[in-house]
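Peer 1: Below is target-v8.pdb; it holds PDB, C-alpha atoms, pLDDT in the B column.
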ATOM      1  CA  MET A 524     -41.816 -18.192  59.169  1.00 46.00           C
ATOM      2  CA  GLU A 525     -39.369 -20.178  57.073  1.00 59.00           C
ATOM      3  CA  GLN A 526     -35.767 -20.681  58.148  1.00 78.00           C
ATOM      4  CA  ARG A 527     -33.346 -18.309  56.438  1.00 84.00           C
ATOM      5  CA  PRO A 528     -31.471 -20.141  53.660  1.00 88.00           C
ATOM      6  CA  GLY A 529     -27.714 -20.372  54.104  1.00 92.00           C
ATOM      7  CA  PRO A 530     -24.824 -20.545  51.665  1.00 95.00           C
ATOM      8  CA  GLN A 531     -23.918 -23.643  49.678  1.00 94.00           C
ATOM      9  CA  ILE A 532     -20.352 -24.276  50.825  1.00 95.00           C
ATOM     10  CA  ASN A 533     -18.013 -26.496  48.806  1.00 95.00           C
ATOM     11  CA  ALA A 534     -14.274 -27.266  48.891  1.00 95.00           C
ATOM     12  CA  GLN A 535     -13.534 -24.313  46.600  1.00 95.00           C
ATOM     13  CA  SER A 536     -15.399 -21.753  48.727  1.00 97.00           C
ATOM     14  CA  GLU A 537     -14.741 -23.181  52.207  1.00 97.00           C
ATOM     15  CA  ALA A 538     -11.825 -20.817  53.058  1.00 98.00           C
ATOM     16  CA  TYR A 539     -13.948 -17.814  52.070  1.00 98.00           C
ATOM     17  CA  TRP A 540     -16.910 -18.865  54.243  1.00 98.00           C
ATOM     18  CA  GLN A 541     -14.636 -19.698  57.198  1.00 98.00           C
ATOM     19  CA  SER A 542     -13.122 -16.198  57.003  1.00 98.00           C
ATOM     20  CA  VAL A 543     -16.585 -14.630  56.934  1.00 98.00           C
ATOM     21  CA  THR A 544     -17.527 -16.635  60.033  1.00 98.00           C
ATOM     22  CA  GLN A 545     -14.425 -15.163  61.699  1.00 98.00           C
ATOM     23  CA  HIS A 546     -15.455 -11.624  60.608  1.00 98.00           C
ATOM     24  CA  ALA A 547     -12.225 -11.238  58.614  1.00 98.00           C
ATOM     25  CA  MET A 548     -13.051 -11.778  54.920  1.00 98.00           C
ATOM     26  CA  VAL A 549     -10.376 -13.232  52.652  1.00 98.00           C
ATOM     27  CA  LEU A 550     -10.564 -13.460  48.868  1.00 98.00           C
ATOM     28  CA  GLN A 551      -8.495 -15.284  46.311  1.00 98.00           C
ATOM     29  CA  ARG A 552      -5.651 -13.262  44.757  1.00 98.00           C
ATOM     30  CA  CYS A 553      -3.875 -14.404  41.612  1.00 98.00           C
ATOM     31  CA  GLU A 554      -0.184 -15.164  42.107  1.00 98.00           C
ATOM     32  CA  ARG A 555       0.640 -13.999  38.569  1.00 98.00           C
ATOM     33  CA  CYS A 556      -1.362 -10.795  37.948  1.00 98.00           C
ATOM     34  CA  SER A 557      -2.347  -9.977  41.580  1.00 98.00           C
ATOM     35  CA  THR A 558      -6.054  -9.663  40.720  1.00 98.00           C
ATOM     36  CA  PHE A 559      -8.470 -10.299  43.570  1.00 98.00           C
ATOM     37  CA  ARG A 560     -11.473 -12.387  42.586  1.00 98.00           C
ATOM     38  CA  PHE A 561     -14.891 -13.307  43.873  1.00 97.00           C
ATOM     39  CA  TYR A 562     -16.574 -15.874  43.786  1.00 95.00           C
ATOM     40  CA  PRO A 563     -13.801 -18.435  44.444  1.00 97.00           C
ATOM     41  CA  THR A 564     -12.725 -20.120  41.219  1.00 96.00           C
ATOM     42  CA  PRO A 565      -9.877 -22.461  40.252  1.00 96.00           C
ATOM     43  CA  VAL A 566      -8.641 -20.113  37.490  1.00 97.00           C
ATOM     44  CA  CYS A 567      -7.978 -16.349  37.387  1.00 98.00           C
ATOM     45  CA  PRO A 568     -10.563 -14.716  35.094  1.00 96.00           C
ATOM     46  CA  LYS A 569      -7.996 -12.105  33.993  1.00 97.00           C
ATOM     47  CA  CYS A 570      -4.871 -14.125  33.092  1.00 98.00           C
ATOM     48  CA  TRP A 571      -6.081 -17.756  33.400  1.00 98.00           C
ATOM     49  CA  PHE A 572      -3.369 -18.663  35.932  1.00 98.00           C
ATOM     50  CA  THR A 573      -4.284 -21.356  38.457  1.00 98.00           C
ATOM     51  CA  GLY A 574      -2.051 -20.245  41.346  1.00 98.00           C
ATOM     52  CA  PHE A 575      -3.617 -18.089  44.052  1.00 98.00           C
ATOM     53  CA  SER A 576      -3.395 -17.126  47.708  1.00 98.00           C
ATOM     54  CA  TRP A 577      -6.103 -16.156  50.177  1.00 98.00           C
ATOM     55  CA  GLU A 578      -5.684 -12.552  51.352  1.00 98.00           C
ATOM     56  CA  GLN A 579      -7.688 -10.481  53.794  1.00 98.00           C
ATOM     57  CA  VAL A 580      -9.510  -7.509  52.288  1.00 98.00           C
ATOM     58  CA  SER A 581      -9.639  -4.023  53.780  1.00 98.00           C
ATOM     59  CA  GLY A 582     -13.394  -4.009  54.272  1.00 98.00           C
ATOM     60  CA  GLU A 583     -13.744  -0.744  52.335  1.00 98.00           C
ATOM     61  CA  GLY A 584     -15.922  -0.360  49.272  1.00 98.00           C
ATOM     62  CA  GLU A 585     -18.519   1.695  47.485  1.00 98.00           C
ATOM     63  CA  LEU A 586     -22.066   1.242  46.295  1.00 98.00           C
ATOM     64  CA  TYR A 587     -22.119   0.180  42.642  1.00 98.00           C
ATOM     65  CA  SER A 588     -25.857  -0.509  42.325  1.00 98.00           C
ATOM     66  CA  PHE A 589     -28.848  -1.484  44.466  1.00 98.00           C
ATOM     67  CA  THR A 590     -32.462  -2.483  44.586  1.00 98.00           C
ATOM     68  CA  ILE A 591     -34.979  -2.067  47.375  1.00 97.00           C
ATOM     69  CA  VAL A 592     -37.006  -5.210  48.047  1.00 96.00           C
ATOM     70  CA  HIS A 593     -40.538  -4.495  49.227  1.00 96.00           C
ATOM     71  CA  LYS A 594     -42.039  -7.946  48.673  1.00 95.00           C
ATOM     72  CA  PRO A 595     -39.612 -10.794  49.430  1.00 91.00           C
ATOM     73  CA  VAL A 596     -39.994 -14.021  47.453  1.00 86.00           C
ATOM     74  CA  ASN A 597     -39.128 -16.062  50.556  1.00 89.00           C
ATOM     75  CA  ASP A 598     -41.116 -15.800  53.795  1.00 89.00           C
ATOM     76  CA  ALA A 599     -37.876 -15.949  55.808  1.00 88.00           C
ATOM     77  CA  PHE A 600     -37.166 -12.352  54.712  1.00 90.00           C
ATOM     78  CA  ALA A 601     -40.682 -10.934  55.175  1.00 89.00           C
ATOM     79  CA  GLY A 602     -39.887  -9.310  58.521  1.00 90.00           C
ATOM     80  CA  ASN A 603     -36.976  -7.400  57.000  1.00 90.00           C
ATOM     81  CA  ALA A 604     -38.861  -5.680  54.162  1.00 94.00           C
ATOM     82  CA  PRO A 605     -38.173  -3.205  52.824  1.00 96.00           C
ATOM     83  CA  TYR A 606     -34.470  -4.079  52.592  1.00 96.00           C
ATOM     84  CA  VAL A 607     -31.617  -3.205  50.252  1.00 98.00           C
ATOM     85  CA  ILE A 608     -29.730  -5.692  48.099  1.00 98.00           C
ATOM     86  CA  ALA A 609     -26.563  -4.021  46.880  1.00 98.00           C
ATOM     87  CA  LEU A 610     -23.691  -4.564  44.507  1.00 98.00           C
ATOM     88  CA  VAL A 611     -20.640  -3.380  46.429  1.00 98.00           C
ATOM     89  CA  THR A 612     -17.294  -2.837  44.718  1.00 98.00           C
ATOM     90  CA  LEU A 613     -14.536  -3.552  47.205  1.00 98.00           C
ATOM     91  CA  ALA A 614     -11.400  -1.386  47.301  1.00 98.00           C
ATOM     92  CA  GLU A 615      -9.499  -4.467  46.080  1.00 98.00           C
ATOM     93  CA  GLY A 616     -11.603  -4.647  42.892  1.00 98.00           C
ATOM     94  CA  PRO A 617     -14.248  -7.391  43.054  1.00 98.00           C
ATOM     95  CA  THR A 618     -17.927  -6.501  43.097  1.00 98.00           C
ATOM     96  CA  MET A 619     -20.057  -8.541  45.489  1.00 98.00           C
ATOM     97  CA  MET A 620     -23.786  -8.798  46.102  1.00 98.00           C
ATOM     98  CA  MET A 621     -24.876  -8.381  49.727  1.00 98.00           C
ATOM     99  CA  ASN A 622     -27.463  -6.714  51.899  1.00 97.00           C
ATOM    100  CA  LEU A 623     -26.925  -3.052  52.738  1.00 98.00           C
ATOM    101  CA  GLU A 624     -27.785  -2.553  56.418  1.00 97.00           C
ATOM    102  CA  ASP A 625     -28.331   0.466  58.681  1.00 96.00           C
ATOM    103  CA  VAL A 626     -28.994   2.901  55.844  1.00 96.00           C
ATOM    104  CA  ASP A 627     -31.686   5.518  55.305  1.00 95.00           C
ATOM    105  CA  LEU A 628     -33.368   4.503  52.042  1.00 95.00           C
ATOM    106  CA  GLU A 629     -33.581   8.165  51.017  1.00 95.00           C
ATOM    107  CA  ALA A 630     -29.797   8.535  51.475  1.00 95.00           C
ATOM    108  CA  LEU A 631     -28.837   5.769  49.025  1.00 97.00           C
ATOM    109  CA  GLN A 632     -26.443   7.085  46.415  1.00 98.00           C
ATOM    110  CA  ILE A 633     -24.342   5.275  43.824  1.00 98.00           C
ATOM    111  CA  GLY A 634     -20.690   5.657  44.785  1.00 98.00           C
ATOM    112  CA  MET A 635     -21.379   6.170  48.501  1.00 98.00           C
ATOM    113  CA  PRO A 636     -18.584   4.777  50.697  1.00 98.00           C
ATOM    114  CA  LEU A 637     -19.348   1.536  52.520  1.00 98.00           C
ATOM    115  CA  LYS A 638     -17.649  -0.823  54.948  1.00 98.00           C
ATOM    116  CA  LEU A 639     -18.032  -4.549  55.434  1.00 98.00           C
ATOM    117  CA  GLY A 640     -19.928  -5.927  58.377  1.00 98.00           C
ATOM    118  CA  TYR A 641     -21.155  -9.376  59.296  1.00 98.00           C
ATOM    119  CA  LEU A 642     -24.451 -10.924  60.378  1.00 96.00           C
ATOM    120  CA  ASP A 643     -24.312 -14.160  62.345  1.00 96.00           C
ATOM    121  CA  PHE A 644     -27.111 -16.676  61.959  1.00 93.00           C
ATOM    122  CA  GLU A 645     -27.508 -20.151  63.359  1.00 91.00           C
ATOM    123  CA  GLY A 646     -24.921 -22.202  61.464  1.00 92.00           C
ATOM    124  CA  PHE A 647     -23.526 -19.502  59.150  1.00 95.00           C
ATOM    125  CA  THR A 648     -22.444 -15.878  58.790  1.00 97.00           C
ATOM    126  CA  LEU A 649     -23.129 -13.498  55.906  1.00 97.00           C
ATOM    127  CA  PRO A 650     -21.206 -10.385  54.883  1.00 98.00           C
ATOM    128  CA  VAL A 651     -23.196  -7.159  54.749  1.00 98.00           C
ATOM    129  CA  ALA A 652     -22.357  -3.583  53.826  1.00 98.00           C
ATOM    130  CA  ARG A 653     -22.945  -0.539  56.005  1.00 98.00           C
ATOM    131  CA  PRO A 654     -22.456   3.176  55.365  1.00 98.00           C
ATOM    132  CA  VAL A 655     -19.145   4.624  56.547  1.00 96.00           C
TER     133      VAL A 655
END
In structure tokens, how does this file's structure come out?
Peer 2:
Amino acid sequence: MEQRPGPQINAQSEAYWQSVTQHAMVLQRCERCSTFRFYPTPVCPKCWFTGFSWEQVSGEGELYSFTIVHKPVNDAFAGNAPYVIALVTLAEGPTMMMNLEDVDLEALQIGMPLKLGYLDFEGFTLPVARPV
């Protein structure tokens, strides 16, 4: 089995990935318009301001969309199939892609409430969503 691929961390995303490793996700928030954003960027996509702070998110969200993967394209995920890849809209606004864990596939419903969780791997941590 192949080793699970990890994130590509750079100077711009380092604070985000460190917070995920600590199981306390922070996202960038614009100092002008207060918009939270994901993925980390140097400029606010709403007002184009460059000033931002890192703020912890509530961990609450809802299911925006999903797909069920039955045949992974990477052997590292073969033992997990079928699994759910979800678009989760956080209470703070950004929509993020992540795995949806601990869910009955028949119970999946757009708009269902979710909470953030974390999966630790050797060398990195990934955020996941779980039903409330």
Peer 1: Output as a tab-separated table one row per residue of stretch 600-630 of chain A within 12 Å of stretch 544-557 of chain A: the closest atom pair and its distance in Å to one decimal place, counting all atoms listed in the file, sorted by chain and residue number ascending.
Peer 2:
residue	atom	partner	partner_atom	distance
A:Leu613	CA	A:Leu550	CA	10.8
A:Glu615	CA	A:Leu550	CA	9.5
A:Gly616	CA	A:Arg552	CA	10.6
A:Pro617	CA	A:Leu550	CA	9.2
A:Thr618	CA	A:Leu550	CA	11.7
A:Met619	CA	A:Leu550	CA	11.2
Peer 1: Which residues fall under the PyMOL selection byres ((chain A and resi 655) around 10) in this file, as a list in words?
Peer 2: Glu583, Gly584, Glu585, Met635, Pro636, Leu637, Lys638, Leu639, Ala652, Arg653 and Pro654 of chain A
Peer 1: To one decimal place in Å, what is the distance between atom CA of A:Val580 and atom CA of A:Gly634?
Peer 2: 18.8 Å
Peer 1: Please provide as a PyMOL selection string all residues within 10 Å of stretch 605-608 of chain A, with the sequence filter that same-chain residues fewer than 3 positions apart are discarded (counting only C-alpha atoms).
Peer 2: chain A and resi 588-595+600-602+611+620-626+628+631+651-652
Peer 1: Given the file shown, enumerate the residues that the PyMOL selection byres ((chain A and resi 570) around 9) captures and present them as a PyMOL selection string.
Peer 2: chain A and resi 553+555-556+558+566-569+571-572
Peer 1: Which residues are close to A:Pro530, i.e. within 10 Å by only C-alpha atoms, leaving aside same-chain residues fewer than 5 positions away? Reply as an mmCIF file with C-alpha atoms, keeping the file's coordinate frame.
Peer 2:
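File written: out00.cif
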data_model
loop_
_atom_site.group_PDB
_atom_site.id
_atom_site.type_symbol
_atom_site.label_atom_id
_atom_site.label_comp_id
_atom_site.auth_asym_id
_atom_site.auth_seq_id
_atom_site.Cartn_x
_atom_site.Cartn_y
_atom_site.Cartn_z
ATOM 1 C CA SER A 536 -15.399 -21.753 48.727
ATOM 2 C CA TRP A 540 -16.910 -18.865 54.243
ATOM 3 C CA GLY A 646 -24.921 -22.202 61.464
ATOM 4 C CA PHE A 647 -23.526 -19.502 59.150
ATOM 5 C CA THR A 648 -22.444 -15.878 58.790
ATOM 6 C CA LEU A 649 -23.129 -13.498 55.906
#
Peer 1: Which residue gives the smallest distance to A:Ile532 among A:Ala604, A:Ser576, A:Pro563, A:Leu586, with all atoms listed in the file counted?
Peer 2: A:Pro563
Peer 1: Using atom CA of A:Ala599 and atom CA of A:Glu645 as the two end points, give the distance in Å to one decimal.
Peer 2: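 Computing the Euclidean distance for atom CA of A:Ala599 and atom CA of A:Glu645 yields 13.5 Å.
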Peer 1: If you measure from atom CA of A:Gln632 to atom CA of A:Ala609, what distance in Å do you get, rounded to one decimal?
Peer 2: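 It comes out at 11.1 Å.
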Peer 1: What box, with edges along x, y and z, holds each listed atom of stretch 613-625 of chain A when 8 Å is added on every side, and can you state its centre and edge lengths in Å to one decimal, as JSON?
Peer 2:
{"center_x": -18.9, "center_y": -4.2, "center_z": 50.8, "size_x": 34.8, "size_y": 25.3, "size_z": 31.8}
Peer 1: Point out the residue among A:Pro528, A:Ile633, A:Arg560, A:Tyr641 with the least atom-to-atom distance to A:Phe575, counting only C-alpha atoms.
Peer 2: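 The shortest atom-to-atom distance to A:Phe575 comes from A:Arg560.
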